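As provided, input28.cif (mmCIF, C-alpha atoms and all ligand atoms) reads as follows.
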data_my_file
loop_
_atom_site.label_atom_id
_atom_site.label_comp_id
_atom_site.auth_asym_id
_atom_site.auth_seq_id
_atom_site.Cartn_x
_atom_site.Cartn_y
_atom_site.Cartn_z
CA MET C 170 3.13 12.21 -12.38
CA LEU C 171 -0.59 12.69 -11.87
CA LEU C 172 -0.51 11.45 -8.26
CA ALA C 173 2.69 13.04 -6.95
CA GLY C 174 2.59 13.39 -3.15
CA LYS C 175 -0.62 11.36 -2.85
CA THR C 176 -1.30 8.09 -1.08
CA ALA C 177 -3.75 5.42 -2.17
CA ILE C 178 -5.43 2.35 -0.75
CA ILE C 179 -6.36 -0.28 -3.33
CA SER C 180 -8.37 -3.31 -2.20
CA GLY C 181 -8.11 -6.67 -3.95
CA ALA C 182 -4.75 -5.81 -5.52
CA ALA C 183 -2.55 -8.73 -4.51
CA GLY C 184 -2.99 -10.86 -7.63
CA ALA C 185 -0.24 -10.24 -10.20
CA ARG C 186 -2.63 -10.52 -13.16
CA GLY C 187 -5.53 -8.59 -11.65
CA ILE C 188 -7.00 -5.14 -12.22
CA GLY C 189 -6.01 -4.07 -8.70
CA PHE C 190 -2.30 -4.75 -9.13
CA ALA C 191 -2.23 -3.09 -12.58
CA THR C 192 -3.78 -0.08 -10.85
CA ALA C 193 -1.22 -0.21 -8.04
CA LYS C 194 1.63 -0.19 -10.58
CA THR C 195 0.05 2.67 -12.52
CA PHE C 196 -0.47 4.74 -9.37
CA ALA C 197 3.11 4.09 -8.20
CA GLN C 198 4.45 5.10 -11.62
CA ASN C 199 2.47 8.31 -11.23
CA GLY C 200 4.10 9.21 -7.93
CA ALA C 201 1.68 7.76 -5.36
CA ARG C 202 2.55 5.71 -2.33
CA VAL C 203 0.29 2.66 -2.51
CA ALA C 204 -1.22 0.41 0.15
CA ILE C 205 -2.34 -2.93 -1.24
CA LEU C 206 -5.14 -4.42 0.88
CA ASP C 207 -6.16 -7.99 0.22
CA ILE C 208 -7.64 -10.97 2.03
CA ASP C 209 -4.44 -12.73 0.99
CA GLY C 210 -2.14 -10.76 3.28
CA LYS C 211 1.06 -12.58 2.32
CA SER C 212 0.54 -11.84 -1.38
CA ALA C 213 -0.40 -8.24 -0.53
CA VAL C 214 2.97 -7.76 1.16
CA SER C 215 4.93 -9.29 -1.73
CA ALA C 216 2.91 -7.36 -4.33
CA ALA C 217 3.66 -4.10 -2.49
CA ALA C 218 7.36 -5.01 -2.37
CA GLU C 219 7.28 -5.52 -6.13
CA LEU C 220 6.18 -1.90 -6.53
CA GLY C 221 9.42 -0.76 -4.86
CA ALA C 222 10.27 0.98 -1.61
CA GLY C 223 7.67 3.06 0.23
CA HIS C 224 4.60 0.95 -0.56
CA VAL C 225 2.84 -1.35 1.90
CA GLY C 226 0.81 -4.55 1.78
CA VAL C 227 -1.81 -5.08 4.48
CA ALA C 228 -4.09 -8.06 5.12
CA CYS C 229 -7.74 -7.02 5.07
CA ASP C 230 -11.02 -8.86 4.71
CA VAL C 231 -13.34 -6.17 3.33
CA THR C 232 -16.40 -8.06 4.59
CA ASP C 233 -15.29 -7.43 8.18
CA LYS C 234 -15.93 -3.87 9.39
CA ALA C 235 -13.46 -4.07 12.28
CA ASP C 236 -10.78 -5.50 9.98
CA CYS C 237 -11.30 -2.59 7.54
CA ALA C 238 -10.89 -0.09 10.40
CA ARG C 239 -7.74 -1.85 11.61
CA ALA C 240 -6.22 -2.01 8.09
CA VAL C 241 -6.92 1.67 7.44
CA ALA C 242 -5.34 2.55 10.81
CA ASP C 243 -2.26 0.54 9.77
CA VAL C 244 -2.05 2.49 6.50
CA LEU C 245 -2.46 5.81 8.30
CA LYS C 246 0.36 4.84 10.62
CA ALA C 247 2.58 4.07 7.61
CA PHE C 248 1.62 7.00 5.35
CA GLY C 249 0.16 9.65 7.67
CA GLN C 250 -2.56 10.45 5.14
CA ILE C 251 -4.95 8.76 2.69
CA ASP C 252 -5.96 10.67 -0.43
CA ILE C 253 -7.42 7.90 -2.57
CA LEU C 254 -9.46 4.74 -1.98
CA ILE C 255 -10.03 2.25 -4.77
CA ASN C 256 -12.74 -0.25 -3.76
CA ASN C 257 -11.68 -2.95 -6.17
CA ALA C 258 -11.98 -6.28 -4.29
CA GLY C 259 -14.59 -8.62 -5.67
CA ILE C 260 -15.54 -12.22 -6.32
CA THR C 261 -17.88 -13.87 -8.78
CA GLN C 262 -19.64 -17.18 -9.26
CA PRO C 263 -21.08 -18.60 -12.47
CA VAL C 264 -24.44 -19.98 -11.39
CA LYS C 265 -28.01 -19.90 -12.69
CA VAL C 266 -30.51 -17.81 -10.74
CA TRP C 267 -32.55 -20.83 -9.63
CA ASP C 268 -29.43 -22.41 -8.10
CA ILE C 269 -28.30 -19.43 -5.99
CA SER C 270 -28.26 -20.53 -2.36
CA SER C 271 -28.61 -18.28 0.64
CA GLU C 272 -24.89 -18.74 1.37
CA ASP C 273 -23.96 -17.90 -2.25
CA TRP C 274 -26.06 -14.74 -2.06
CA ASP C 275 -24.45 -13.62 1.20
CA ARG C 276 -20.89 -14.34 0.06
CA ILE C 277 -21.27 -12.44 -3.21
CA GLN C 278 -23.06 -9.44 -1.62
CA ASP C 279 -20.59 -9.34 1.26
CA VAL C 280 -17.41 -8.99 -0.77
CA ASN C 281 -18.70 -6.99 -3.73
CA LEU C 282 -21.12 -4.62 -1.98
CA ARG C 283 -20.83 -4.65 1.80
CA GLY C 284 -17.02 -4.45 1.44
CA VAL C 285 -17.36 -1.18 -0.48
CA LEU C 286 -19.41 0.29 2.38
CA PHE C 287 -17.10 -0.92 5.16
CA LEU C 288 -13.83 0.19 3.57
CA SER C 289 -15.32 3.54 2.56
CA GLN C 290 -16.61 4.05 6.10
CA ALA C 291 -13.15 3.28 7.41
CA VAL C 292 -11.49 6.11 5.43
CA MET C 293 -14.34 8.63 5.87
CA PRO C 294 -13.39 10.24 9.19
CA HIS C 295 -9.85 10.89 7.91
CA MET C 296 -10.93 12.19 4.50
CA ARG C 297 -13.64 14.32 6.11
CA SER C 298 -11.17 15.84 8.54
CA ARG C 299 -8.97 16.89 5.59
CA LYS C 300 -11.95 17.95 3.43
CA SER C 301 -10.43 15.98 0.59
CA GLY C 302 -10.56 12.52 -0.94
CA ALA C 303 -11.20 10.50 -4.08
CA ILE C 304 -13.00 7.16 -3.89
CA ALA C 305 -13.56 4.92 -6.92
CA CYS C 306 -15.66 1.77 -6.77
CA MET C 307 -15.68 -1.34 -8.91
CA SER C 308 -19.02 -2.15 -10.50
CA SER C 309 -19.40 -4.08 -13.77
CA VAL C 310 -21.15 -4.12 -17.13
CA SER C 311 -22.96 -7.03 -15.50
CA ALA C 312 -24.89 -4.49 -13.38
CA GLN C 313 -26.03 -2.63 -16.50
CA ARG C 314 -26.86 -5.41 -18.92
CA GLY C 315 -28.11 -8.01 -16.44
CA GLY C 316 -25.07 -10.28 -16.37
CA GLY C 317 -25.00 -13.00 -18.93
CA ILE C 318 -21.24 -13.42 -19.33
CA LEU C 319 -19.83 -15.14 -16.26
CA GLY C 320 -21.31 -14.05 -12.96
CA GLY C 321 -24.73 -15.06 -11.70
CA ALA C 322 -27.69 -12.80 -10.96
CA HIS C 323 -26.43 -12.29 -7.40
CA TYR C 324 -23.21 -10.80 -8.85
CA SER C 325 -25.21 -8.47 -11.13
CA ALA C 326 -27.30 -7.44 -8.13
CA ALA C 327 -24.25 -6.73 -5.98
CA LYS C 328 -22.53 -4.71 -8.72
CA ALA C 329 -25.77 -2.77 -9.36
CA GLY C 330 -25.88 -2.12 -5.62
CA VAL C 331 -22.40 -0.63 -5.86
CA LEU C 332 -23.71 1.95 -8.35
CA GLY C 333 -26.48 3.05 -5.97
CA LEU C 334 -24.20 3.05 -2.95
CA ALA C 335 -21.49 5.07 -4.72
CA LYS C 336 -23.95 7.64 -6.07
CA ALA C 337 -25.48 8.09 -2.61
CA MET C 338 -22.02 8.45 -1.06
CA ALA C 339 -21.09 11.00 -3.75
CA ARG C 340 -24.13 13.11 -2.82
CA GLU C 341 -23.52 12.85 0.90
CA LEU C 342 -19.75 13.30 0.91
CA GLY C 343 -19.45 16.00 -1.78
CA PRO C 344 -19.78 18.84 0.74
CA ASP C 345 -16.77 17.35 2.57
CA GLY C 346 -14.64 17.54 -0.57
CA ILE C 347 -14.81 13.79 -1.17
CA ARG C 348 -15.56 12.56 -4.70
CA VAL C 349 -17.03 9.09 -5.31
CA ASN C 350 -17.20 7.50 -8.77
CA CYS C 351 -17.58 4.06 -10.35
CA VAL C 352 -16.10 2.04 -13.17
CA THR C 353 -18.13 -0.52 -15.11
CA PRO C 354 -15.72 -2.79 -17.01
CA GLY C 355 -16.74 -5.31 -19.63
CA LEU C 356 -14.85 -8.57 -19.89
CA ILE C 357 -11.27 -7.99 -18.69
CA GLN C 358 -8.77 -10.83 -18.94
CA THR C 359 -7.77 -11.70 -15.34
CA ASP C 360 -7.73 -14.71 -13.00
CA ILE C 361 -11.40 -14.15 -12.19
CA ASN C 362 -12.35 -15.53 -15.64
CA ALA C 363 -9.17 -17.35 -16.75
CA GLY C 364 -9.96 -20.75 -18.23
CA LYS C 365 -13.68 -20.25 -17.71
CA ILE C 366 -14.64 -19.17 -21.25
CA SER C 367 -14.55 -21.53 -24.22
CA ASP C 368 -12.87 -20.39 -27.47
CA GLU C 369 -16.28 -20.38 -29.14
CA LYS C 370 -17.86 -18.20 -26.45
CA ARG C 371 -14.85 -15.89 -26.51
CA LYS C 372 -15.23 -15.35 -30.26
CA GLU C 373 -18.92 -14.69 -29.81
CA ILE C 374 -18.18 -12.07 -27.13
CA ILE C 375 -15.48 -10.36 -29.23
CA ASP C 376 -17.84 -10.26 -32.22
CA GLY C 377 -20.15 -8.12 -30.07
CA ILE C 378 -17.42 -5.63 -29.08
CA PRO C 379 -17.00 -2.69 -31.51
CA LEU C 380 -13.33 -2.27 -30.51
CA GLY C 381 -12.78 -5.93 -31.41
CA ARG C 382 -10.93 -7.23 -28.36
CA LEU C 383 -11.37 -8.18 -24.72
CA GLY C 384 -10.16 -5.74 -22.10
CA VAL C 385 -6.86 -5.94 -20.21
CA PRO C 386 -6.26 -4.80 -16.61
CA GLN C 387 -4.40 -1.69 -17.79
CA ASP C 388 -7.57 -0.47 -19.55
CA VAL C 389 -9.29 -0.22 -16.17
CA ALA C 390 -6.19 0.99 -14.30
CA ASN C 391 -6.04 4.01 -16.62
CA ILE C 392 -9.62 4.99 -15.76
CA TYR C 393 -8.99 4.53 -12.04
CA LEU C 394 -5.98 6.85 -12.52
CA PHE C 395 -8.20 9.50 -14.07
CA LEU C 396 -10.77 9.18 -11.27
CA ALA C 397 -8.09 9.27 -8.55
CA SER C 398 -6.32 12.31 -9.96
CA ASP C 399 -7.22 15.97 -10.06
CA LEU C 400 -8.02 15.58 -13.78
CA SER C 401 -11.47 14.53 -12.55
CA ALA C 402 -11.72 17.24 -9.86
CA TYR C 403 -15.26 18.22 -10.94
CA THR C 404 -16.54 14.67 -11.43
CA THR C 405 -18.51 12.84 -8.74
CA GLY C 406 -21.32 10.30 -8.83
CA ALA C 407 -20.20 9.32 -12.34
CA VAL C 408 -20.05 5.88 -13.89
CA ILE C 409 -17.38 5.26 -16.53
CA ASP C 410 -17.77 2.32 -18.91
CA VAL C 411 -14.59 0.44 -19.83
CA ASN C 412 -16.06 -2.13 -22.16
CA GLY C 413 -14.83 -1.56 -25.72
CA GLY C 414 -18.37 -0.61 -26.70
CA MET C 415 -19.86 -3.94 -25.61
CA LEU C 416 -22.68 -1.89 -24.08
CA ILE C 417 -23.42 1.57 -25.47
CA HIS C 418 -26.28 3.39 -23.80
P1 LIG M 501 -8.93 -10.91 -9.23
O1 LIG M 501 -9.49 -12.21 -8.74
O2 LIG M 501 -7.53 -10.89 -9.70
O3 LIG M 501 -9.08 -9.79 -8.11
C1 LIG M 501 -9.92 -9.87 -7.00
C2 LIG M 501 -9.09 -9.63 -5.74
O4 LIG M 501 -9.97 -9.46 -4.63
C3 LIG M 501 -8.16 -10.81 -5.40
O5 LIG M 501 -6.84 -10.33 -5.18
C4 LIG M 501 -8.76 -11.39 -4.13
O6 LIG M 501 -7.80 -11.98 -3.25
C5 LIG M 501 -9.40 -10.14 -3.52
N1 LIG M 501 -10.46 -10.46 -2.54
C6 LIG M 501 -11.42 -11.41 -2.63
N2 LIG M 501 -12.16 -11.42 -1.52
C7 LIG M 501 -11.69 -10.42 -0.71
C8 LIG M 501 -12.04 -9.94 0.57
N3 LIG M 501 -13.05 -10.48 1.28
N4 LIG M 501 -11.31 -8.91 1.10
C9 LIG M 501 -10.29 -8.37 0.40
N5 LIG M 501 -9.89 -8.80 -0.81
C10 LIG M 501 -10.59 -9.82 -1.35
O7 LIG M 501 -9.92 -10.47 -10.40
P2 LIG M 501 -10.13 -9.06 -11.15
O8 LIG M 501 -10.79 -9.42 -12.41
O9 LIG M 501 -8.90 -8.26 -11.16
O10 LIG M 501 -11.25 -8.38 -10.23
C11 LIG M 501 -11.14 -7.09 -9.64
C12 LIG M 501 -12.51 -6.49 -9.55
O11 LIG M 501 -13.00 -6.23 -10.87
C13 LIG M 501 -13.59 -7.36 -8.90
O12 LIG M 501 -14.41 -6.54 -8.07
C14 LIG M 501 -14.40 -7.88 -10.08
O13 LIG M 501 -15.71 -8.23 -9.70
C15 LIG M 501 -14.35 -6.67 -10.98
N6 LIG M 501 -14.65 -6.89 -12.40
C16 LIG M 501 -13.90 -7.74 -13.13
C17 LIG M 501 -14.18 -7.91 -14.47
C18 LIG M 501 -13.39 -8.87 -15.33
O14 LIG M 501 -13.85 -9.18 -16.43
N7 LIG M 501 -12.23 -9.32 -14.88
C19 LIG M 501 -15.23 -7.18 -15.07
C20 LIG M 501 -15.96 -6.31 -14.29
C21 LIG M 501 -15.66 -6.15 -12.94
#
Show me this structure written as structure tokens.
Amino acid sequence: MLLAGKTAIISGAAGARGIGFATAKTFAQNGARVAILDIDGKSAVSAAAELGAGHVGVACDVTDKADCARAVADVLKAFGQIDILINNAGITQPVKVWDISSEDWDRIQDVNLRGVLFLSQAVMPHMRSRKSGAIACMSSVSAQRGGGILGGAHYSAAKAGVLGLAKAMARELGPDGIRVNCVTPGLIQTDINAGKISDEKRKEIIDGIPLGRLGVPQDVANIYLFLASDLSAYTTGAVIDVNGGMLIH
């Protein structure tokens, strides 16, 4: 029970096969009360119900600053405190760099990067007032190796931006007792890539992974658990790879 007595917000956790929901289940099993925030509010509510009593699902578009503030206020009303924020929501788009339109660029930056800022800002006053908090942010191996698997260059740029943003937040918020870290997963089997990789490409990818398999959502959920819990009490500004060795640096 690594999170007994704690409460957590997890964004982008409404999809049953996603990293966010695997994290929500893992946190609940470890004693946390969980708030699932997702742009799909209906699914957020049913996903929270699946976790059992005491958890909540709240509609939230992380690209909208006011909506983030409203959703966090709703969670505070329900739980009275927020100990953990997992900035997990994200979208991707397989597109070549030449073909990225202005709208594509904005959409991908907005959800993957701006959303991390807005939701973090929304929990900051509360965490600061309690001099305590753990924030973990979703980046990607795509940020480190320059994409090349599914997402376009705009996705790599957004996920690289998350690394810079999280490190700067770690530096600024450390004195307030708030830790900020990142995870950089490799290819994890979820709806974001389901049906989008040919068998041939899949074999090629696995051949390049020392641990010999693609990742599953639980692989990432376990690292989020570590970063959310007091096991990582002296860790901030860190980036943890969850990629089976796909990228060793
Ligand atoms: P997923 O599609 O199941 O999860 C993404 C979730 O984000 C969905 O529930 C979606 O409804 C939600 N979302 C989208 N736009 C939103 C918005 N504006 N506001 C709030 N919620 C919104 O896919 P996943 O693979 O579980 O992705 C989770 C995160 O992991 C994403 O940030 C993704 O970029 C990142 N990631 C995934 C992989 C992978 O291989 N699956 C690898 C590295 C990083």
Can you pull out every residue with an atom within 8 Å of ligand LIG 501 (chain M)? Use all atoms listed in the file and format it as an NGL selection string.
:C and (180-190 or 206-209 or 228-233 or 256-261 or 279-281 or 284 or 307-311 or 324 or 328 or 353-362 or 384 or 386)
Would you put the residues from that selection into a file with C-alpha atoms, as an mmCIF file, in the frame of the given file?
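Output below, filename part-v7.cif:
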data_model
loop_
_atom_site.group_PDB
_atom_site.id
_atom_site.type_symbol
_atom_site.label_atom_id
_atom_site.label_comp_id
_atom_site.auth_asym_id
_atom_site.auth_seq_id
_atom_site.Cartn_x
_atom_site.Cartn_y
_atom_site.Cartn_z
ATOM 1 C CA SER C 180 -8.370 -3.310 -2.200
ATOM 2 C CA GLY C 181 -8.110 -6.670 -3.950
ATOM 3 C CA ALA C 182 -4.750 -5.810 -5.520
ATOM 4 C CA ALA C 183 -2.550 -8.730 -4.510
ATOM 5 C CA GLY C 184 -2.990 -10.860 -7.630
ATOM 6 C CA ALA C 185 -0.240 -10.240 -10.200
ATOM 7 C CA ARG C 186 -2.630 -10.520 -13.160
ATOM 8 C CA GLY C 187 -5.530 -8.590 -11.650
ATOM 9 C CA ILE C 188 -7.000 -5.140 -12.220
ATOM 10 C CA GLY C 189 -6.010 -4.070 -8.700
ATOM 11 C CA PHE C 190 -2.300 -4.750 -9.130
ATOM 12 C CA LEU C 206 -5.140 -4.420 0.880
ATOM 13 C CA ASP C 207 -6.160 -7.990 0.220
ATOM 14 C CA ILE C 208 -7.640 -10.970 2.030
ATOM 15 C CA ASP C 209 -4.440 -12.730 0.990
ATOM 16 C CA ALA C 228 -4.090 -8.060 5.120
ATOM 17 C CA CYS C 229 -7.740 -7.020 5.070
ATOM 18 C CA ASP C 230 -11.020 -8.860 4.710
ATOM 19 C CA VAL C 231 -13.340 -6.170 3.330
ATOM 20 C CA THR C 232 -16.400 -8.060 4.590
ATOM 21 C CA ASP C 233 -15.290 -7.430 8.180
ATOM 22 C CA ASN C 256 -12.740 -0.250 -3.760
ATOM 23 C CA ASN C 257 -11.680 -2.950 -6.170
ATOM 24 C CA ALA C 258 -11.980 -6.280 -4.290
ATOM 25 C CA GLY C 259 -14.590 -8.620 -5.670
ATOM 26 C CA ILE C 260 -15.540 -12.220 -6.320
ATOM 27 C CA THR C 261 -17.880 -13.870 -8.780
ATOM 28 C CA ASP C 279 -20.590 -9.340 1.260
ATOM 29 C CA VAL C 280 -17.410 -8.990 -0.770
ATOM 30 C CA ASN C 281 -18.700 -6.990 -3.730
ATOM 31 C CA GLY C 284 -17.020 -4.450 1.440
ATOM 32 C CA MET C 307 -15.680 -1.340 -8.910
ATOM 33 C CA SER C 308 -19.020 -2.150 -10.500
ATOM 34 C CA SER C 309 -19.400 -4.080 -13.770
ATOM 35 C CA VAL C 310 -21.150 -4.120 -17.130
ATOM 36 C CA SER C 311 -22.960 -7.030 -15.500
ATOM 37 C CA TYR C 324 -23.210 -10.800 -8.850
ATOM 38 C CA LYS C 328 -22.530 -4.710 -8.720
ATOM 39 C CA THR C 353 -18.130 -0.520 -15.110
ATOM 40 C CA PRO C 354 -15.720 -2.790 -17.010
ATOM 41 C CA GLY C 355 -16.740 -5.310 -19.630
ATOM 42 C CA LEU C 356 -14.850 -8.570 -19.890
ATOM 43 C CA ILE C 357 -11.270 -7.990 -18.690
ATOM 44 C CA GLN C 358 -8.770 -10.830 -18.940
ATOM 45 C CA THR C 359 -7.770 -11.700 -15.340
ATOM 46 C CA ASP C 360 -7.730 -14.710 -13.000
ATOM 47 C CA ILE C 361 -11.400 -14.150 -12.190
ATOM 48 C CA ASN C 362 -12.350 -15.530 -15.640
ATOM 49 C CA GLY C 384 -10.160 -5.740 -22.100
ATOM 50 C CA PRO C 386 -6.260 -4.800 -16.610
#
C:Arg299 surroundings by only C-alpha atoms, 10 Å radius, close-in-sequence under 3 positions cut, as a list in words
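So, after excluding close chain neighbours, the residues are Gln250, Ile251, Asp252, Met293, Pro294, His295, Met296, Gly302, Asp345, Gly346 and Ile347 of chain C.
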Pull the neighbourhood of (-19.1, 11.9, -0.3) for me: all residues within 10 Å in file coordinates, counting only C-alpha atoms, as a ChimeraX atom specification.
/C:289,293,296-297,301-304,335-350,405-406
Of the candidates C:Ala193, C:Ala235, C:Val411, C:Leu282, which shows the shortest atom-to-atom distance to C:Ala218, using all atoms listed in the file?
C:Ala193
Might you pull out every residue within 7 Å of stretch 393-404 of chain C, with all atoms listed in the file counted and same-chain residues fewer than 5 positions away left off, and present them as a PDB file with C-alpha atoms, in the frame of the given file?
ATOM      1  CA  LEU C 171      -0.590  12.690 -11.870  1.00  0.00           C
ATOM      2  CA  LEU C 172      -0.510  11.450  -8.260  1.00  0.00           C
ATOM      3  CA  PHE C 196      -0.470   4.740  -9.370  1.00  0.00           C
ATOM      4  CA  ILE C 253      -7.420   7.900  -2.570  1.00  0.00           C
ATOM      5  CA  ALA C 303     -11.200  10.500  -4.080  1.00  0.00           C
ATOM      6  CA  ALA C 305     -13.560   4.920  -6.920  1.00  0.00           C
TER       7      ALA C 305
END
Find the spatial neighbours of stretch 220-226 of chain C, counting only C-alpha atoms, within a cut-off of 7 Å - ignore same-chain residues fewer than 5 positions away - and output them as a PyMOL selection string.
chain C and resi 194+197+202-206+213-214
Output, as lines of an AutoDock Vina configuration file, the centre and edge lengths in Å (one decimal) of the axis-aligned box that contains all listed atoms of stretch 356-372 of chain C with 6 Å of margin on each side.
center_x = -12.8
center_y = -14.8
center_z = -21.2
size_x = 22.1
size_y = 25.5
size_z = 30.1
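Each of C:Gln313, C:Lys175, C:Gly381, C:Val292 was checked against C:Gly414 using all atoms listed in the file; the smallest atom-to-atom distance is that of C:Gly381.
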Since fewer atoms than expected are present, regenerate N, CA and C atoms for stretch 170-182 of chain C and write them as a compact mmCIF listing (two decimals), in the coordinates of the input.
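Final file, selection.txt:
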# COMPACT_ATOMS: atom_id res chain seq x y z
N MET C 170 3.26 12.46 -13.82
CA MET C 170 3.13 12.21 -12.38
C MET C 170 1.82 12.79 -11.84
N LEU C 171 0.73 12.15 -12.22
CA LEU C 171 -0.59 12.69 -11.87
C LEU C 171 -0.92 12.57 -10.38
N LEU C 172 -0.18 11.67 -9.67
CA LEU C 172 -0.51 11.45 -8.26
C LEU C 172 0.66 11.79 -7.33
N ALA C 173 1.52 12.68 -7.76
CA ALA C 173 2.69 13.04 -6.95
C ALA C 173 2.25 13.52 -5.58
N GLY C 174 2.87 12.97 -4.53
CA GLY C 174 2.59 13.39 -3.15
C GLY C 174 1.31 12.79 -2.57
N LYS C 175 0.64 11.94 -3.35
CA LYS C 175 -0.62 11.36 -2.85
C LYS C 175 -0.39 9.93 -2.35
N THR C 176 -1.34 9.48 -1.53
CA THR C 176 -1.30 8.09 -1.08
C THR C 176 -2.62 7.42 -1.42
N ALA C 177 -2.55 6.14 -1.72
CA ALA C 177 -3.75 5.42 -2.17
C ALA C 177 -3.86 4.07 -1.50
N ILE C 178 -5.11 3.71 -1.16
CA ILE C 178 -5.43 2.35 -0.75
C ILE C 178 -6.13 1.69 -1.93
N ILE C 179 -5.69 0.48 -2.28
CA ILE C 179 -6.36 -0.28 -3.33
C ILE C 179 -6.70 -1.65 -2.76
N SER C 180 -7.99 -1.99 -2.73
CA SER C 180 -8.37 -3.31 -2.20
C SER C 180 -8.35 -4.34 -3.33
N GLY C 181 -8.10 -5.59 -2.96
CA GLY C 181 -8.11 -6.67 -3.95
C GLY C 181 -7.03 -6.48 -5.01
N ALA C 182 -5.82 -6.16 -4.56
CA ALA C 182 -4.75 -5.81 -5.52
C ALA C 182 -3.53 -6.71 -5.40
